[in-house]
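Trainee: Dumping the structure here so I can ask a few things about it.
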There are 2 protein chains.
Amino acid sequence: MYYIGVDLGGTNIAAGIVSEDGELLLKKSIPTLKEREYQDIMKDMANLCMSLINEFCISIEEVKSIGVGSPGMPDTINGILVYANNLKFTNTPIRTEIQKYIDLPVYLENDANCAALGECTSGAAKGTKNSVVITLGTGVGGGVIIDGRIYSGSFFGGGELGHHVIRVDGERCTCGRNGCWEAYASATALIRDTRVAVAKNPDSGINDIINGDIKLVTAKTPFDAAQKGDSVAKEVIDNYIRHVSEGIANIVNIFQPEAVVIGGGVCYQGDEILNPIKAHVNNMVFGGNLKTKLMIATLGNDAGIIGAAMLGKRG
Amino acid sequence: MYYIGVDLGGTNIAAGIVSEDGELLLKKSIPTLKEREYQDIMKDMANLCMSLINEFCISIEEVKSIGVGSPGMPDTINGILVYANNLKFTNTPIRTEIQKYIDLPVYLENDANCAALGECTSGAAKGTKNSVVITLGTGVGGGVIIDGRIYSGSFFGGGELGHHVIRVDGERCTCGRNGCWEAYASATALIRDTRVAVAKNPDSGINDIINGDIKLVTAKTPFDAAQKGDSVAKEVIDNYIRHVSEGIANIVNIFQPEAVVIGGGVCYQGDEILNPIKAHVNNMVFGGNLKTKLMIATLGNDAGIIGAAMLGKRG
């Protein structure tokens, strides 16, 4: 049997055919064109699934289910997307809309949770039962896998790991609280801190990279400058890594999972970022004996498709 | 069928007979005399269980299992207490020792986890599937119940909720990190802050209660002084409650459980402490809609016995 996974994004809808053991066999994507009526988007999504089935030369009877990962907060029991800000969806009946066109079971989950399930099925944490996947991106997302299944709390909104405060009265967070981990560990936070540092230290090598235009700072900028030996950039990165590590150590003490998988753009730095995080967390963890493996995500954007597909396997 | 639960403490061993539905029917306790060889302690524990069976006039065939809650870190799979500082046990084979005397299945768990299971079976959070129980005592303990079962991580040491940092570079914690929740939310922290406040404000009404002897400050002192209108004590309590709330809001954002149950000595303050915590957490929680119920523990010390007994029911 095969499984179809769909990653419903604000820009594109990506979908794929996934094998029993979590291998992505065929992938296609179409633009979301999110300003449309949801009925039109869902119809295109169903057509995308059918085109995968046809192109892969299998019958619909060989597909066990369709899983959809969406932003926002899905009601996973009823297959309804309660809300998703960047899609302007409210109480959208994803399951019943897709089933108008395809007679298959349809599962719905939050996209970060799907990505976590994907990494635990086929990626960095393959084979683990209890693992936590965090994504250091525009925000800090998280997905918690317990006993091989997504844990999303009692009201579909748990696993908001980015919104645990690590510094009471600290930096303002987008969620309204002060001092959330996201306000220190996101790429957005790293960009903010880099800008502040370069404004204070105009002689820094960072300015060479951005040609003096602070708007050009990206999350990669301080790493590039540090590699050239710039001490201001090094300090920014050290501070960033320490705050990332404080949050990971908290997750380890709370969940003591087999693995914490780190995803998001910052991870392209690989061991440059992973090794100092490991050293920090090892010093911070309760009992002084870090048994949890820390690792970099391996599936990239495919994690969401694979995890969505695997929703059907878990039932 | 009946279940026996044992709460192995540094001072006393308390045990009880518990019904199918988690009601404590008979309770007895003996001194631990912890300086003895573990074999002697285990023999006494087995005798205590037998005396419960005899006194309750049931046969051993009517007892399904014995569950033991112990401090420290148990290997729950093999029934071995890996270590427990305040008992000086190392790799103590609790299960096989008890089974020398009683032919019943024996389960072992951390005592804070047992207390959490007890509160979720028969106490404040009765009937919930996902709940978190925290204990604000000398330290801050925690027990996480997911899908009706204790979640203790992949290596028997998860659920260390007191050791998640809420203030990077903050107060020193007993675990070696700085800024752990425990360093702000424990009774120990409240006593420390009360002492600091009274030293700074010798005219405070706190000094009347302790007769000027700072050693006499307990966790109850600031509440007593505040009730008499002392503003210094009120400030200490407000600050304490806010830090307790920051940690609870973190737990809600991470787990989004049905309930967070608050236990420990500080809870004797009842609504005096619960209402302001609710108000704070309501303002702090992600999405601004607090669905998790916050409540005070109801079982006191019986929670540990009941939870230990229920280990056998979950299998």
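Scheme for the structure tokens: letters A, B, ... for chains in order shown; per-chain residue numbers from 1; ligand numbers from 1 in order shown.
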Tell me, counting only C-alpha atoms, for each residue of chain A within 7 Å of chain B, which pair of atoms is nearest and how far apart they are in Å to one decimal, in rows ordered by chain and increasing number, as a Markdown table.
Mentor:
```
| residue | atom | partner | partner_atom | distance |
| --- | --- | --- | --- | --- |
| A:Asn130 | CA | B:Ser154 | CA | 6.7 |
| A:Gly153 | CA | B:Gln256 | CA | 4.7 |
| A:Ser154 | CA | B:Pro257 | CA | 5.4 |
| A:Phe155 | CA | B:Gln256 | CA | 6.9 |
| A:Gly157 | CA | B:Gln256 | CA | 6.5 |
| A:Gly158 | CA | B:Gln256 | CA | 4.6 |
| A:Gly159 | CA | B:Ile254 | CA | 4.6 |
| A:Glu160 | CA | B:Ile254 | CA | 5.2 |
| A:Leu161 | CA | B:Ile254 | CA | 5.4 |
| A:His163 | CA | B:Asn253 | CA | 6.6 |
| A:His164 | CA | B:Asn250 | CA | 4.6 |
| A:Val165 | CA | B:Ile166 | CA | 5.7 |
| A:Ile166 | CA | B:Ile166 | CA | 4.2 |
| A:Arg167 | CA | B:Arg167 | CA | 4.0 |
| A:Val168 | CA | B:Arg167 | CA | 5.4 |
| A:Cys175 | CA | B:Phe286 | CA | 6.3 |
| A:Arg177 | CA | B:Met284 | CA | 6.0 |
| A:Asn250 | CA | B:His164 | CA | 4.6 |
| A:Asn253 | CA | B:Glu160 | CA | 5.2 |
| A:Ile254 | CA | B:Gly159 | CA | 4.6 |
| A:Phe255 | CA | B:Gly158 | CA | 5.0 |
| A:Gln256 | CA | B:Gly158 | CA | 4.6 |
| A:Pro257 | CA | B:Ser154 | CA | 5.4 |
| A:Glu258 | CA | B:Ser154 | CA | 5.9 |
| A:Met284 | CA | B:Arg177 | CA | 6.0 |
| A:Phe286 | CA | B:Cys175 | CA | 6.3 |
```
Trainee: Taking only segment 40-114 of chain B into account, list the residues labelled strand (DSSP E or B) by DSSP (computed from the backbone), as a list in words.
Mentor: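 So, restricting segment 40-114 of chain B to strand (DSSP E or B), we get Val63, Lys64, Ser65, Ile66, Gly67, Val68, Gly69, Ser70, Met73, Pro74, Asp75, Ile80, Leu81, Val82, Tyr83, Ala84, Phe89, Thr90, Asn91, Thr92, Val106, Tyr107, Leu108, Glu109 and Asn110 of chain B.
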Trainee: Name all residues at most 12 Å from Pro222 of chain B (count only C-alpha atoms; drop same-chain ones fewer than 6 positions away) and give them as a ChimeraX atom specification.
Mentor: /B:187,190-198,204-210,216,228-240,266,269
Trainee: Could you write out the selected residues, including C-alpha atoms, as an mmCIF file, in the first residue's frame?
Mentor:
```cif
data_model
loop_
_atom_site.group_PDB
_atom_site.id
_atom_site.type_symbol
_atom_site.label_atom_id
_atom_site.label_comp_id
_atom_site.auth_asym_id
_atom_site.auth_seq_id
_atom_site.Cartn_x
_atom_site.Cartn_y
_atom_site.Cartn_z
ATOM 1 C CA ALA B 187 9.122 27.031 48.815
ATOM 2 C CA LEU B 190 10.015 31.915 48.571
ATOM 3 C CA ILE B 191 11.788 31.650 51.926
ATOM 4 C CA ARG B 192 15.000 33.054 50.401
ATOM 5 C CA ASP B 193 13.154 36.009 48.871
ATOM 6 C CA THR B 194 11.278 36.676 52.122
ATOM 7 C CA ARG B 195 14.556 36.765 54.049
ATOM 8 C CA VAL B 196 16.132 39.143 51.547
ATOM 9 C CA ALA B 197 13.075 41.416 51.685
ATOM 10 C CA VAL B 198 12.971 41.547 55.476
ATOM 11 C CA SER B 204 8.188 45.107 57.668
ATOM 12 C CA GLY B 205 5.471 43.289 59.552
ATOM 13 C CA ILE B 206 7.281 40.082 58.621
ATOM 14 C CA ASN B 207 9.698 40.818 61.464
ATOM 15 C CA ASP B 208 6.820 40.804 63.981
ATOM 16 C CA ILE B 209 5.859 37.287 62.935
ATOM 17 C CA ILE B 210 9.376 35.882 63.169
ATOM 18 C CA LEU B 216 12.178 31.405 61.587
ATOM 19 C CA LYS B 228 -2.153 41.521 57.984
ATOM 20 C CA GLY B 229 -1.587 44.123 55.275
ATOM 21 C CA ASP B 230 2.193 44.184 55.136
ATOM 22 C CA SER B 231 3.245 45.653 51.792
ATOM 23 C CA VAL B 232 6.738 44.132 51.747
ATOM 24 C CA ALA B 233 5.263 40.658 52.154
ATOM 25 C CA LYS B 234 2.697 41.396 49.456
ATOM 26 C CA GLU B 235 5.445 42.336 47.047
ATOM 27 C CA VAL B 236 7.367 39.146 47.814
ATOM 28 C CA ILE B 237 4.260 37.068 47.170
ATOM 29 C CA ASP B 238 3.325 38.938 43.986
ATOM 30 C CA ASN B 239 6.800 38.335 42.618
ATOM 31 C CA TYR B 240 6.682 34.669 43.662
ATOM 32 C CA VAL B 266 2.246 26.479 49.289
ATOM 33 C CA GLN B 269 -3.156 29.014 50.578
#
```
Trainee: Please provide the set of residues having any atom within 6 Å of Glu182 of chain A, restricted to only C-alpha atoms, with same-chain residues fewer than 2 positions apart removed, written as a short mmCIF file (atom, residue, chain, number, x, y, z; two decimals) with N, CA and C atoms, in the first residue's frame.
Mentor:
```cif
data_model
loop_
_atom_site.label_atom_id
_atom_site.label_comp_id
_atom_site.auth_asym_id
_atom_site.auth_seq_id
_atom_site.Cartn_x
_atom_site.Cartn_y
_atom_site.Cartn_z
N GLY A 139 10.06 31.95 12.94
CA GLY A 139 9.75 31.71 14.35
C GLY A 139 10.49 30.47 14.81
N VAL A 140 10.11 29.96 15.97
CA VAL A 140 10.65 28.68 16.41
C VAL A 140 9.47 27.71 16.55
N GLY A 162 8.43 27.03 20.97
CA GLY A 162 9.03 28.36 20.80
C GLY A 162 8.48 29.38 21.77
N CYS A 180 10.17 34.85 25.37
CA CYS A 180 10.00 33.51 24.79
C CYS A 180 11.29 33.06 24.11
N TYR A 184 14.67 34.65 21.01
CA TYR A 184 16.14 34.54 21.09
C TYR A 184 16.71 33.54 20.10
N ALA A 185 15.90 32.53 19.73
CA ALA A 185 16.45 31.40 18.97
C ALA A 185 15.98 31.36 17.52
N SER A 186 15.08 32.24 17.12
CA SER A 186 14.63 32.26 15.73
C SER A 186 15.66 32.95 14.85
#
```
Trainee: Can you list every residue of segment 50-168 of chain B that has an atom at most 8 Å from segment 2-16 of chain B, with its nearest atom pair and the distance in Å to one decimal, using only C-alpha atoms, ordered by chain then number, as a Markdown table?
Mentor:
```
| residue | atom | partner | partner_atom | distance |
| --- | --- | --- | --- | --- |
| B:Leu52 | CA | B:Gly16 | CA | 7.0 |
| B:Glu62 | CA | B:Tyr2 | CA | 6.1 |
| B:Val63 | CA | B:Tyr2 | CA | 4.7 |
| B:Lys64 | CA | B:Tyr3 | CA | 5.6 |
| B:Ser65 | CA | B:Tyr3 | CA | 5.5 |
| B:Ile66 | CA | B:Ile4 | CA | 4.7 |
| B:Gly67 | CA | B:Gly5 | CA | 4.9 |
| B:Val68 | CA | B:Val6 | CA | 4.7 |
| B:Gly69 | CA | B:Asp7 | CA | 4.9 |
| B:Ser70 | CA | B:Leu8 | CA | 5.1 |
| B:Pro71 | CA | B:Gly9 | CA | 7.0 |
| B:Asn86 | CA | B:Gly10 | CA | 6.2 |
| B:Leu87 | CA | B:Gly10 | CA | 6.0 |
| B:Asp111 | CA | B:Asp7 | CA | 7.0 |
```
Trainee: Once you have the residues from the selection above, write them out as a short mmCIF file (atom, residue, chain, number, x, y, z; two decimals), in the first residue's frame, restricted to N, CA, C and O atoms.
Mentor:
```cif
data_model
loop_
_atom_site.label_atom_id
_atom_site.label_comp_id
_atom_site.auth_asym_id
_atom_site.auth_seq_id
_atom_site.Cartn_x
_atom_site.Cartn_y
_atom_site.Cartn_z
N LEU B 52 -1.28 -5.41 55.50
CA LEU B 52 -2.45 -4.76 54.90
C LEU B 52 -3.44 -5.81 54.41
O LEU B 52 -4.65 -5.71 54.64
N GLU B 62 -6.54 -11.98 45.65
CA GLU B 62 -7.41 -10.85 45.32
C GLU B 62 -6.62 -9.56 45.05
O GLU B 62 -7.20 -8.52 44.76
N VAL B 63 -5.31 -9.65 45.19
CA VAL B 63 -4.47 -8.48 44.93
C VAL B 63 -3.81 -8.66 43.57
O VAL B 63 -3.21 -9.71 43.29
N LYS B 64 -3.94 -7.65 42.72
CA LYS B 64 -3.42 -7.80 41.36
C LYS B 64 -1.91 -7.51 41.30
O LYS B 64 -1.19 -8.16 40.55
N SER B 65 -1.47 -6.52 42.08
CA SER B 65 -0.05 -6.15 41.98
C SER B 65 0.34 -5.23 43.13
O SER B 65 -0.52 -4.68 43.83
N ILE B 66 1.64 -5.07 43.27
CA ILE B 66 2.19 -4.09 44.21
C ILE B 66 2.93 -3.04 43.39
O ILE B 66 3.75 -3.38 42.52
N GLY B 67 2.63 -1.77 43.64
CA GLY B 67 3.36 -0.69 42.99
C GLY B 67 4.15 0.08 44.02
O GLY B 67 3.65 0.34 45.12
N VAL B 68 5.38 0.42 43.69
CA VAL B 68 6.23 1.15 44.63
C VAL B 68 6.63 2.48 44.01
O VAL B 68 7.15 2.53 42.89
N GLY B 69 6.39 3.56 44.74
CA GLY B 69 6.89 4.87 44.35
C GLY B 69 8.12 5.18 45.19
O GLY B 69 8.06 5.12 46.41
N SER B 70 9.21 5.50 44.50
CA SER B 70 10.44 5.78 45.24
C SER B 70 11.03 7.10 44.81
O SER B 70 10.80 7.53 43.68
N PRO B 71 11.80 7.75 45.67
CA PRO B 71 12.54 8.93 45.21
C PRO B 71 13.62 8.48 44.23
O PRO B 71 13.87 7.28 44.07
N ASN B 86 18.67 10.33 48.79
CA ASN B 86 18.31 10.38 50.21
C ASN B 86 17.99 9.00 50.78
O ASN B 86 17.58 8.87 51.92
N LEU B 87 18.20 7.96 50.01
CA LEU B 87 18.07 6.59 50.54
C LEU B 87 19.39 5.83 50.44
O LEU B 87 19.51 4.73 50.94
N ASP B 111 8.50 8.66 42.69
CA ASP B 111 7.39 9.04 43.57
C ASP B 111 6.59 10.26 43.09
O ASP B 111 5.36 10.31 43.26
#
```
Trainee: Write down as a ChimeraX atom specification the residues of segment 36-200 of chain A whose backbone DSSP state falls under alpha helix (DSSP H).
Mentor: /A:38-55,94-99,111-121,182-185,187-200
Trainee: So which residues touch segment 75-77 of chain B within 9 Å, counting only C-alpha atoms, skipping near sequence neighbours fewer than 5 positions away, as a list in words?
Mentor: Val82, Asn91, Tyr107, Leu108, Glu109, Asn110, Phe155 and Phe156 of chain B
Trainee: Gly72 of chain B: which residues within 7 Å, counting only C-alpha atoms, same-chain residues fewer than 6 positions away excluded, as a PyMOL selection string?
Mentor: chain B and resi 83-85+110
Trainee: Do you know which residues are at most 12 Å from Ile296 of chain A counting only C-alpha atoms, after dropping those on the same chain fewer than 5 positions away, and could you put them as a PyMOL selection string?
Mentor: chain A and resi 119+123-125+132-136+259-275+277-278
Trainee: Can I get the selection written as a compact mmCIF listing (two decimals), in the first residue's frame, with N, CA and C atoms?
Mentor:
```txt
# COMPACT_ATOMS: atom_id res chain seq x y z
N GLU A 119 10.58 13.47 10.15
CA GLU A 119 11.97 13.27 10.59
C GLU A 119 12.11 12.02 11.47
N GLY A 123 13.77 10.38 8.68
CA GLY A 123 14.88 11.34 8.69
C GLY A 123 15.89 11.09 9.78
N ALA A 124 16.35 12.21 10.35
CA ALA A 124 17.44 12.15 11.32
C ALA A 124 17.12 11.23 12.49
N ALA A 125 15.86 11.25 12.95
CA ALA A 125 15.51 10.49 14.15
C ALA A 125 14.78 9.20 13.81
N VAL A 132 11.80 15.05 19.71
CA VAL A 132 11.30 16.41 19.56
C VAL A 132 12.03 17.04 18.38
N VAL A 133 11.27 17.64 17.49
CA VAL A 133 11.86 18.32 16.34
C VAL A 133 11.59 19.81 16.47
N ILE A 134 12.63 20.61 16.39
CA ILE A 134 12.44 22.06 16.46
C ILE A 134 12.91 22.69 15.15
N THR A 135 12.26 23.77 14.77
CA THR A 135 12.62 24.45 13.54
C THR A 135 12.97 25.89 13.87
N LEU A 136 14.23 26.25 13.62
CA LEU A 136 14.68 27.61 13.88
C LEU A 136 14.54 28.40 12.60
N ALA A 259 15.89 11.77 20.90
CA ALA A 259 16.58 12.72 20.02
C ALA A 259 15.89 14.08 20.02
N VAL A 260 16.68 15.13 19.92
CA VAL A 260 16.16 16.45 19.56
C VAL A 260 16.74 16.77 18.19
N VAL A 261 15.87 16.95 17.22
CA VAL A 261 16.29 17.22 15.84
C VAL A 261 16.11 18.71 15.58
N ILE A 262 17.15 19.33 15.05
CA ILE A 262 17.13 20.77 14.81
C ILE A 262 17.01 21.03 13.32
N GLY A 263 15.94 21.71 12.93
CA GLY A 263 15.74 22.04 11.53
C GLY A 263 15.67 23.55 11.33
N GLY A 264 15.44 23.95 10.10
CA GLY A 264 15.36 25.38 9.79
C GLY A 264 16.64 25.86 9.12
N GLY A 265 16.56 27.03 8.53
CA GLY A 265 17.65 27.55 7.71
C GLY A 265 19.00 27.60 8.42
N VAL A 266 18.98 27.91 9.72
CA VAL A 266 20.23 28.05 10.47
C VAL A 266 21.05 26.75 10.43
N CYS A 267 20.34 25.63 10.24
CA CYS A 267 21.00 24.33 10.28
C CYS A 267 21.93 24.06 9.12
N TYR A 268 21.84 24.87 8.07
CA TYR A 268 22.79 24.68 6.98
C TYR A 268 24.22 24.89 7.47
N GLN A 269 24.37 25.48 8.65
CA GLN A 269 25.70 25.65 9.22
C GLN A 269 26.26 24.31 9.72
N GLY A 270 25.42 23.29 9.82
CA GLY A 270 25.90 21.95 10.18
C GLY A 270 26.62 21.90 11.51
N ASP A 271 27.77 21.23 11.52
CA ASP A 271 28.52 21.02 12.77
C ASP A 271 28.99 22.34 13.39
N GLU A 272 29.12 23.37 12.56
CA GLU A 272 29.50 24.69 13.06
C GLU A 272 28.56 25.14 14.17
N ILE A 273 27.30 24.78 14.03
CA ILE A 273 26.31 25.18 15.03
C ILE A 273 25.99 24.01 15.96
N LEU A 274 26.02 22.78 15.44
CA LEU A 274 25.62 21.62 16.25
C LEU A 274 26.64 21.33 17.36
N ASN A 275 27.90 21.41 17.06
CA ASN A 275 28.91 21.05 18.06
C ASN A 275 28.89 21.96 19.29
N ILE A 277 26.35 23.67 20.35
CA ILE A 277 25.08 23.41 21.03
C ILE A 277 25.21 22.17 21.91
N LYS A 278 25.80 21.12 21.34
CA LYS A 278 26.00 19.88 22.11
C LYS A 278 26.82 20.16 23.38
```
